[in-house]
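Beneath this line is the structure, given in structure tokens, with notes to follow.
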There are 2 protein chains.
Amino acid sequence: MKQKKYVTIKDISKAVGVSINTVSRALNDKPDINEKTKEKILEKAKELGYIKNSFGSILKTQRSKIIGVIIPDSSNPFFSEVFKGIEEEARKNDYQTMIINTEGKYSFEEKAISTLIERRVDGILLFPMQNKYEDIEKLLTKKYPVVLVGRGVENWNVDEIYNNEIKGGFLATEHLIKKGCKKIIMISAEKFNTAGKNRELGYLKALEENKIEYKNIVNINKLHEGLYFEEGENIVQKIVDKEKVDGIFCYNDLIAYGAIESLKKKNINVPNDVKVVGYDDIRFSKIFSPSLTTIFVNKIKMGKEAFNMLKRRIENIDSTTMQITLDVELIERKSTE
Amino acid sequence: MKQKKYVTIKDISKAVGVSINTVSRALNDKPDINEKTKEKILEKAKELGYIKNSFGSILKTQRSKIIGVIIPDSSNPFFSEVFKGIEEEARKNDYQTMIINTEGKYSFEEKAISTLIERRVDGILLFPMQNKYEDIEKLLTKKYPVVLVGRGVENWNVDEIYNNEIKGGFLATEHLIKKGCKKIIMISAEKFNTAGKNRELGYLKALEENKIEYKNIVNINKLHEGLYFEEGENIVQKIVDKEKVDGIFCYNDLIAYGAIESLKKKNINVPNDVKVVGYDDIRFSKIFSPSLTTIFVNKIKMGKEAFNMLKRRIENIDSTTMQITLDVELIERKSTE
DNA sequence: CTGTTAGCGCTTTCAA
DNA sequence: TTGAAAGCGCTAACAG
């Protein structure tokens with residue numbers, strides 16, 4: 001026995017003895033229909049176990065009610081929480097999500113876009129790579145609904161949502177200064193990453209306002225997603241011997257974990273000898289030991305807002321673009337006590 | 001200006017001056033076609049910026065090349081890693097995934113299934129809830145391709161993939177015994193969870209083989225996904241004062257973190273006073289402090305295998321069902337040193 | 001090697 | 001209030 005064939009509206013129409021579009025009207029709750037026939041149809045539909053084939057209607061209506069999500073690494077806790085927000089809000093709005101991991105590779109991002117267009121998703125939420133973005137440019141010239149999440153592209157007329165990175169960088173650095181740090185280094189993202197760049201600006205601003213001369217930004221250079229921890233560990237291992245730093249501000253919490261791990265191995269005490277601040281406030285930072293001072297970013301909200309921006313764009317492709325900046329907050333914990 | 005309309009094979013056929021199915025043949029790399037015309041068509045397609053509309057072909061071929069993934073909480077590190085394995089393997093095989101979170105609620109699981117069928121996914125990977133499973137039963141009687149992941153249903157004729165839970169429970173408990181523990185409690189999953197039940201069997205078996213009388217299994221009773229940590233904390237807080245335990249085996253790493261947190265608050269030293277073992281070996285367990293002894297489960301592999309099982313089932317709905325058991329391994333770390 | 005035709009399941013005119 | 005018919009974009013069977 002093979003998988004049972006699906007019941008179609010045609011089957012229902014035959015069974016009830018009406019035309020297929022009467023069935024369609026009943027099923028879609030349209031006004032122009034007799035209550036009695038409608039009831040009969042609905043009943044029969046249930047009896048036969050009818051489940052609508054969305055592809056039929058998609059083909060006709062040209063709306064798939066699917067959005068694509070292109071993300072570097074869905075197992076990274078930051079992304080996975082943002083995604084959760086996206087999925088939750090999408091589900092509420094009867095959209096489904098199709099997620100594709102890029103592993104941080106541009107070629108995967110490019111491929112993901114064309115795959116999703118082939119699937120005729122109504123729009124795309126993209127966490128861009130940023131070392132290249134011709135693919136995004138192409139999307140925009142075709143007027144494809146797209147929202148960039150997390151990292152912006154300068155001077156583009158596109159919907160974007162990100163956190164107040166400058167403020168985040170500033171808060172983190174200022175906090176370290178207040179705690180008495182004099183030599184603060186920052187372990188930032190890859191050079192091309194605008195989120196990283198803005199956090200750097202915040203870092204520099206805080207130093208300047210507090211008249212601290214020493215500044216030192218080290219950019220990570222990871223080859224793959226999922227190696228933040230290792231990068232943090234490596235960089236700190238190399239740098240701490242040369243420079244007698246007393247504060248470290250990290251691009252994200254995972255890097256901070258690595259940094260702290262490295263300090264532990266060298267028997268440098270956190271927070272007594274060196275204080276460390278992370279960024280993102282992922283779930284584990286409060287149970288990390290020492291618990292990590294970090295910049296709180298509302299990841300669930302970010303996901304939800306991102307979805308809603310995309311929905312708005314889908315519904316009106318010509319509405320003016322908007323850039324949403326979410327507020328951030330300093331969370332003080334033991335790593336800077 | 002509205003979003004540009006998509007180019008169709010009809011447009012290409014007009015532009016080149018051939019019939020639409022010649023175009024189709026060229027695009028699909030079919031044999032019966034002249035090389036030259038094919039070239040011309042491909043060229044024109046590129047020039048016009050043609051991107052196939054998969055819905056057209058899906059409607060025709062009745063194969064969506066989409067699989068559904070129903071998961072309790074995609075932001076839980078265990079699930080998010082398994083999902084990563086799924087997505088990776090799916091992508092390799094030109095499948096896309098549609099993920100739906102159930103938040104551990106049966107009604108959401110039910111809804112997810114019907115949503116996915118409406119989307120005519122070719123099959124479903126389901127991480128079942130298990131307090132109820134009429135929904136799954138229905139899927140099976142309809143011969144819908146489905147693979148249960150992580151948790152089994154007893155005595156059903158269905159594809160399943162899970163870890164060797166009995167062995168895991170045994171290894172964890174045996175390890176604690178070897179380390180000198182005499183009073184070992186187990187914090188297990190909800191009562192209906194078969195994975196939990198099997199880990200309990202392993203726990204009991206190890207106790208018995210080592211002639212240890214004391215046994216104590218506490219089942220968690222969490223209301224929502226994402227509260228494992230808090231549950232672990234609560235349970236240990238309540239129990240440790242009454243019972244002088246010296247070993248704790250937890251259903252998963254998150255519970256173990258909570259347990260350890262609770263012990264820390266009571267100034268009970270891990271591992272000196274109480275030794276703790278987790279389960280799953282999520283990413284953070286090696287950087288947790290103290291680093292967590294746990295049962296390693298190959299999550300990426302689990303995801304990949306799960307996908308391949310489903311693919312096999314999709315391609316041959318009548319092949320005999322299989323149950324795959326993945327091996328597990330004890331990872332010794334500081335929490336039991 | 002290529003074109004004609006039918007049809008996947010649905011929605012949407014338009015007419016009755 | 002209902003039905004007939006067309007068509008969304010694609011593939012496949014068949015004929016030429």
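Labels used: A, B, ... for chains in the order of the structure tokens, numbers from 1 for residues in each chain, and numbers from 1 for ligands as shown.
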Write out as a ChimeraX atom specification the residues lying within 12 Å of DC10 of chain C, counting only C-alpha atoms (C1' of nucleotides) and excluding same-chain residues fewer than 3 positions away.
/A:8-10,20-21,23-25,27-28,52-62 /B:59 /D:7-8
For chain D, work out the contacting residues on chain A at 7 Å, counting only C-alpha atoms (C1' of nucleotides), and write them as a count of residues only.
7
Counting only C-alpha atoms (C1' of nucleotides), which residues of chain C fall within 8 Å of chain B, and what is the closest atom pair for each with its distance in Å at one decimal, ordered by chain and rising number, as a Markdown table?
```
| residue | atom | partner | partner_atom | distance |
| --- | --- | --- | --- | --- |
| C:DC1 | C1' | B:Ile33 | CA | 5.6 |
| C:DT2 | C1' | B:Thr22 | CA | 6.8 |
| C:DG3 | C1' | B:Ser19 | CA | 6.2 |
| C:DC8 | C1' | B:Lys60 | CA | 4.4 |
| C:DG9 | C1' | B:Leu59 | CA | 7.5 |
```
Store the residues picked out above, limited to N, CA, C and O atoms (P, O5', C5', C4', C3', O3' and C1' of nucleotides), as an mmCIF file, in the first residue's frame.
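Listing of selection-v5.cif after writing:
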```cif
data_model
loop_
_atom_site.group_PDB
_atom_site.id
_atom_site.type_symbol
_atom_site.label_atom_id
_atom_site.label_comp_id
_atom_site.auth_asym_id
_atom_site.auth_seq_id
_atom_site.Cartn_x
_atom_site.Cartn_y
_atom_site.Cartn_z
ATOM 1 P P DC C 1 20.014 14.813 -30.359
ATOM 2 O "O5'" DC C 1 18.658 15.609 -30.549
ATOM 3 C "C5'" DC C 1 18.679 16.837 -31.238
ATOM 4 C "C4'" DC C 1 17.274 17.171 -31.610
ATOM 5 C "C3'" DC C 1 16.585 18.151 -30.639
ATOM 6 O "O3'" DC C 1 16.408 19.363 -31.349
ATOM 7 C "C1'" DC C 1 15.124 16.422 -31.360
ATOM 8 P P DT C 2 16.052 20.673 -30.666
ATOM 9 O "O5'" DT C 2 14.462 20.645 -30.694
ATOM 10 C "C5'" DT C 2 13.799 20.925 -31.929
ATOM 11 C "C4'" DT C 2 12.330 20.671 -31.745
ATOM 12 C "C3'" DT C 2 11.659 21.565 -30.706
ATOM 13 O "O3'" DT C 2 10.873 22.508 -31.410
ATOM 14 C "C1'" DT C 2 10.861 19.331 -30.654
ATOM 15 P P DG C 3 10.135 23.662 -30.650
ATOM 16 O "O5'" DG C 3 8.622 23.155 -30.737
ATOM 17 C "C5'" DG C 3 8.077 22.853 -32.002
ATOM 18 C "C4'" DG C 3 6.706 22.218 -31.832
ATOM 19 C "C3'" DG C 3 5.744 23.035 -30.961
ATOM 20 O "O3'" DG C 3 4.495 23.094 -31.628
ATOM 21 C "C1'" DG C 3 5.948 20.810 -30.115
ATOM 22 P P DC C 8 -5.297 16.599 -12.454
ATOM 23 O "O5'" DC C 8 -4.352 16.765 -11.197
ATOM 24 C "C5'" DC C 8 -3.107 16.070 -11.078
ATOM 25 C "C4'" DC C 8 -2.133 16.972 -10.366
ATOM 26 C "C3'" DC C 8 -2.778 17.867 -9.312
ATOM 27 O "O3'" DC C 8 -2.701 17.219 -8.046
ATOM 28 C "C1'" DC C 8 -1.201 19.086 -10.691
ATOM 29 P P DG C 9 -4.036 16.935 -7.228
ATOM 30 O "O5'" DG C 9 -4.371 18.372 -6.652
ATOM 31 C "C5'" DG C 9 -3.513 18.960 -5.678
ATOM 32 C "C4'" DG C 9 -3.987 20.362 -5.404
ATOM 33 C "C3'" DG C 9 -5.450 20.473 -4.979
ATOM 34 O "O3'" DG C 9 -5.488 21.205 -3.771
ATOM 35 C "C1'" DG C 9 -4.990 21.966 -6.751
#
```
Per-residue nearest contacts chain A to chain B, cut-off 6 Å, using only C-alpha atoms, as JSON lines:
```
{"residue": "A:Gln3", "atom": "CA", "partner": "B:Lys143", "partner_atom": "CA", "distance": 5.1}
{"residue": "A:Ile51", "atom": "CA", "partner": "B:Glu118", "partner_atom": "CA", "distance": 6.0}
{"residue": "A:Lys52", "atom": "CA", "partner": "B:Glu118", "partner_atom": "CA", "distance": 5.5}
{"residue": "A:Asn53", "atom": "CA", "partner": "B:Glu118", "partner_atom": "CA", "distance": 5.3}
{"residue": "A:Ser54", "atom": "CA", "partner": "B:Arg119", "partner_atom": "CA", "distance": 5.5}
{"residue": "A:Ser75", "atom": "CA", "partner": "B:Ser80", "partner_atom": "CA", "distance": 5.0}
{"residue": "A:Ser80", "atom": "CA", "partner": "B:Ser75", "partner_atom": "CA", "distance": 4.9}
{"residue": "A:Glu81", "atom": "CA", "partner": "B:Ser75", "partner_atom": "CA", "distance": 5.5}
{"residue": "A:Thr97", "atom": "CA", "partner": "B:Met98", "partner_atom": "CA", "distance": 5.9}
{"residue": "A:Met98", "atom": "CA", "partner": "B:Met98", "partner_atom": "CA", "distance": 5.0}
{"residue": "A:Glu118", "atom": "CA", "partner": "B:Asn53", "partner_atom": "CA", "distance": 5.3}
{"residue": "A:Arg119", "atom": "CA", "partner": "B:Ser54", "partner_atom": "CA", "distance": 5.4}
{"residue": "A:Lys143", "atom": "CA", "partner": "B:Gln3", "partner_atom": "CA", "distance": 5.0}
{"residue": "A:Ser289", "atom": "CA", "partner": "B:Ser289", "partner_atom": "CA", "distance": 5.5}
```
Would you write out those residues with N, CA and C atoms, as a PDB file, in the first residue's frame?
```pdb
ATOM      1  N   GLN A   3       1.411   5.501   0.146  1.00  0.00           N
ATOM      2  CA  GLN A   3       0.855   6.605   0.917  1.00  0.00           C
ATOM      3  C   GLN A   3      -0.456   7.017   0.289  1.00  0.00           C
ATOM      4  N   ILE A  51      -7.158  18.044   3.780  1.00  0.00           N
ATOM      5  CA  ILE A  51      -6.185  19.050   4.202  1.00  0.00           C
ATOM      6  C   ILE A  51      -5.735  19.815   2.974  1.00  0.00           C
ATOM      7  N   LYS A  52      -5.965  21.075   3.017  1.00  0.00           N
ATOM      8  CA  LYS A  52      -5.647  21.950   1.898  1.00  0.00           C
ATOM      9  C   LYS A  52      -4.208  21.777   1.407  1.00  0.00           C
ATOM     10  N   ASN A  53      -4.047  21.819   0.142  1.00  0.00           N
ATOM     11  CA  ASN A  53      -2.705  21.836  -0.429  1.00  0.00           C
ATOM     12  C   ASN A  53      -2.322  23.284  -0.686  1.00  0.00           C
ATOM     13  N   SER A  54      -1.424  23.772   0.127  1.00  0.00           N
ATOM     14  CA  SER A  54      -1.119  25.201   0.033  1.00  0.00           C
ATOM     15  C   SER A  54      -0.482  25.560  -1.300  1.00  0.00           C
ATOM     16  N   SER A  75      23.145  27.285  15.658  1.00  0.00           N
ATOM     17  CA  SER A  75      23.412  26.686  16.960  1.00  0.00           C
ATOM     18  C   SER A  75      24.178  27.646  17.876  1.00  0.00           C
ATOM     19  N   SER A  80      20.339  31.647  17.814  1.00  0.00           N
ATOM     20  CA  SER A  80      19.234  30.735  18.053  1.00  0.00           C
ATOM     21  C   SER A  80      18.128  31.407  18.861  1.00  0.00           C
ATOM     22  N   GLU A  81      18.511  32.362  19.695  1.00  0.00           N
ATOM     23  CA  GLU A  81      17.457  33.068  20.423  1.00  0.00           C
ATOM     24  C   GLU A  81      16.743  34.086  19.539  1.00  0.00           C
ATOM     25  N   THR A  97       8.736  29.543   8.507  1.00  0.00           N
ATOM     26  CA  THR A  97      10.101  29.990   8.247  1.00  0.00           C
ATOM     27  C   THR A  97      10.910  28.871   7.611  1.00  0.00           C
ATOM     28  N   MET A  98      11.786  29.287   6.735  1.00  0.00           N
ATOM     29  CA  MET A  98      12.733  28.360   6.148  1.00  0.00           C
ATOM     30  C   MET A  98      14.107  28.890   6.505  1.00  0.00           C
ATOM     31  N   GLU A 118      13.874  30.665  -5.295  1.00  0.00           N
ATOM     32  CA  GLU A 118      13.296  29.546  -6.019  1.00  0.00           C
ATOM     33  C   GLU A 118      12.062  29.024  -5.278  1.00  0.00           C
ATOM     34  N   ARG A 119      12.165  29.061  -3.967  1.00  0.00           N
ATOM     35  CA  ARG A 119      11.028  28.629  -3.145  1.00  0.00           C
ATOM     36  C   ARG A 119       9.975  29.722  -3.040  1.00  0.00           C
ATOM     37  N   LYS A 143      13.773  44.556  -5.944  1.00  0.00           N
ATOM     38  CA  LYS A 143      12.680  44.895  -5.023  1.00  0.00           C
ATOM     39  C   LYS A 143      12.159  43.677  -4.290  1.00  0.00           C
ATOM     40  N   SER A 289      31.286  30.968  35.218  1.00  0.00           N
ATOM     41  CA  SER A 289      31.998  31.227  36.462  1.00  0.00           C
ATOM     42  C   SER A 289      33.365  31.846  36.179  1.00  0.00           C
TER      43      SER A 289
END
```
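Here the residues within segment 192-330 of chain A that DSSP labels strand (DSSP E) on the basis of the backbone are Asn216, Ile217, Val218, Asn219, Gly247, Ile248, Phe249, Cys250, Lys275, Val276, Val277, Thr294, Ile295, Phe296, Val297, Gln323, Ile324, Thr325, Leu326, Val328, Glu329 and Leu330 of chain A.
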Which residues are near Lys105 of chain B? Cut-off 10 Å, only C-alpha atoms (C1' of nucleotides), ignore same chain within fewer than 2 positions. Put them as a PyMOL selection string.
chain B and resi 72+101-103+107-110+129+131+223-225
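You can rank A:Leu126, A:Val274, A:Leu139, A:Ile295 by their closest distance to Glu174 of chain A using only C-alpha atoms, and at the top of that list sits A:Ile295.
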With DSSP run on the backbone, what are the alpha helix (DSSP H) residues within segment 16-256 of chain A? I'd like them as a VMD selection string.
chain A and resid 16 20 to 27 35 to 48 54 to 61 77 to 92 106 to 118 134 to 141 165 to 178 194 to 209 228 to 242 253 to 256
Selection file, C-alpha atoms, as a compact mmCIF listing (two decimals), in the first residue's frame:
```txt
# COMPACT_ATOMS: atom_id res chain seq x y z
CA VAL A 16 -21.36 16.79 -2.03
CA ILE A 20 -15.38 23.06 -6.93
CA ASN A 21 -15.49 26.74 -6.40
CA THR A 22 -18.49 26.42 -4.15
CA VAL A 23 -16.28 24.18 -2.11
CA SER A 24 -13.50 26.70 -2.26
CA ARG A 25 -15.85 29.41 -1.09
CA ALA A 26 -17.05 27.33 1.81
CA LEU A 27 -13.56 26.43 2.86
CA GLU A 35 -25.24 28.53 5.04
CA LYS A 36 -26.65 25.06 4.54
CA THR A 37 -24.44 24.12 1.61
CA LYS A 38 -21.50 25.51 3.45
CA GLU A 39 -22.22 23.33 6.45
CA LYS A 40 -22.63 20.27 4.28
CA ILE A 41 -19.35 20.96 2.55
CA LEU A 42 -17.44 21.56 5.74
CA GLU A 43 -18.81 18.39 7.21
CA LYS A 44 -17.87 16.33 4.19
CA ALA A 45 -14.44 17.88 4.12
CA LYS A 46 -13.87 16.82 7.67
CA GLU A 47 -15.25 13.37 7.02
CA LEU A 48 -12.92 12.83 4.08
CA SER A 54 -1.12 25.20 0.03
CA PHE A 55 0.84 24.93 -3.17
CA GLY A 56 -2.26 25.17 -5.27
CA SER A 57 -3.25 28.43 -3.73
CA ILE A 58 0.27 29.77 -3.60
CA LEU A 59 0.60 29.27 -7.31
CA LYS A 60 -2.57 31.21 -7.79
CA THR A 61 -2.18 33.91 -5.20
CA PRO A 77 23.07 30.86 21.23
CA PHE A 78 22.75 34.44 20.09
CA PHE A 79 21.31 33.56 16.72
CA SER A 80 19.23 30.73 18.05
CA GLU A 81 17.46 33.07 20.42
CA VAL A 82 16.86 35.71 17.80
CA PHE A 83 15.55 33.00 15.55
CA LYS A 84 13.22 31.84 18.27
CA GLY A 85 11.71 35.30 18.36
CA ILE A 86 11.33 35.25 14.60
CA GLU A 87 9.70 31.85 14.57
CA GLU A 88 7.33 32.71 17.36
CA GLU A 89 6.09 35.86 15.71
CA ALA A 90 5.93 34.25 12.30
CA ARG A 91 3.84 31.42 13.64
CA LYS A 92 1.45 33.87 15.21
CA TYR A 106 29.63 34.21 1.41
CA SER A 107 29.11 31.56 -1.23
CA PHE A 108 26.60 29.83 1.04
CA GLU A 109 24.81 33.10 1.58
CA GLU A 110 24.54 33.62 -2.14
CA LYS A 111 23.28 30.10 -2.66
CA ALA A 112 20.81 30.48 0.18
CA ILE A 113 19.29 33.54 -1.42
CA SER A 114 18.71 31.86 -4.73
CA THR A 115 17.34 28.75 -3.06
CA LEU A 116 14.87 30.84 -1.14
CA ILE A 117 13.80 32.79 -4.19
CA GLU A 118 13.30 29.55 -6.02
CA GLU A 134 26.61 42.01 -4.11
CA ASP A 135 24.02 39.33 -3.42
CA ILE A 136 22.04 41.67 -1.20
CA GLU A 137 22.36 44.47 -3.69
CA LYS A 138 20.82 42.25 -6.31
CA LEU A 139 17.90 41.45 -4.05
CA LEU A 140 17.26 45.11 -3.50
CA THR A 141 17.35 46.12 -7.14
CA GLU A 165 26.13 49.21 19.29
CA ILE A 166 27.85 52.46 20.01
CA LYS A 167 26.04 52.75 23.29
CA GLY A 168 26.83 49.13 24.09
CA GLY A 169 30.53 49.63 23.46
CA PHE A 170 30.46 52.80 25.46
CA LEU A 171 28.67 51.30 28.45
CA ALA A 172 30.96 48.32 28.58
CA THR A 173 34.10 50.40 28.43
CA GLU A 174 32.88 53.08 30.78
CA HIS A 175 32.03 50.38 33.29
CA LEU A 176 35.54 49.00 33.17
CA ILE A 177 36.93 52.49 33.64
CA LYS A 178 34.71 53.10 36.63
CA THR A 194 29.86 47.01 11.15
CA ALA A 195 28.45 45.90 14.49
CA GLY A 196 32.01 45.41 15.64
CA LYS A 197 33.04 48.74 14.19
CA ASN A 198 30.33 50.55 16.09
CA ARG A 199 31.18 48.85 19.32
CA GLU A 200 34.72 49.99 18.71
CA LEU A 201 33.49 53.54 18.34
CA GLY A 202 31.74 53.26 21.68
CA TYR A 203 34.89 51.88 23.22
CA LEU A 204 36.99 54.74 21.85
CA LYS A 205 34.46 57.34 22.91
CA ALA A 206 34.46 56.11 26.48
CA LEU A 207 38.24 56.16 26.61
CA GLU A 208 38.36 59.65 25.21
CA GLU A 209 35.73 61.05 27.52
CA TYR A 228 34.59 32.44 18.92
CA PHE A 229 35.58 30.72 22.12
CA GLU A 230 38.83 29.48 20.66
CA GLU A 231 39.62 32.83 19.10
CA GLY A 232 39.14 34.58 22.42
CA GLU A 233 41.38 32.08 24.08
CA ASN A 234 44.13 32.41 21.49
CA ILE A 235 44.18 36.15 21.32
CA VAL A 236 44.31 36.65 25.06
CA GLN A 237 46.97 34.03 25.39
CA LYS A 238 49.20 35.89 22.99
CA ILE A 239 48.54 39.38 24.17
CA VAL A 240 48.42 39.23 27.93
CA ASP A 241 52.10 38.51 28.39
CA LYS A 242 53.21 41.46 26.32
CA ASP A 253 30.13 36.55 25.30
CA LEU A 254 31.65 33.51 23.64
CA ILE A 255 34.89 35.37 23.05
CA ALA A 256 34.77 36.52 26.66
```
Extract, using only C-alpha atoms (C1' of nucleotides), all DNA, RNA and protein residues at most 12 Å from Val270 of chain A, discarding same-chain residues fewer than 4 positions from it, and format them as a PyMOL selection string.
chain A and resi 246-248+256-257+259-266+274-277+289-293+333-337
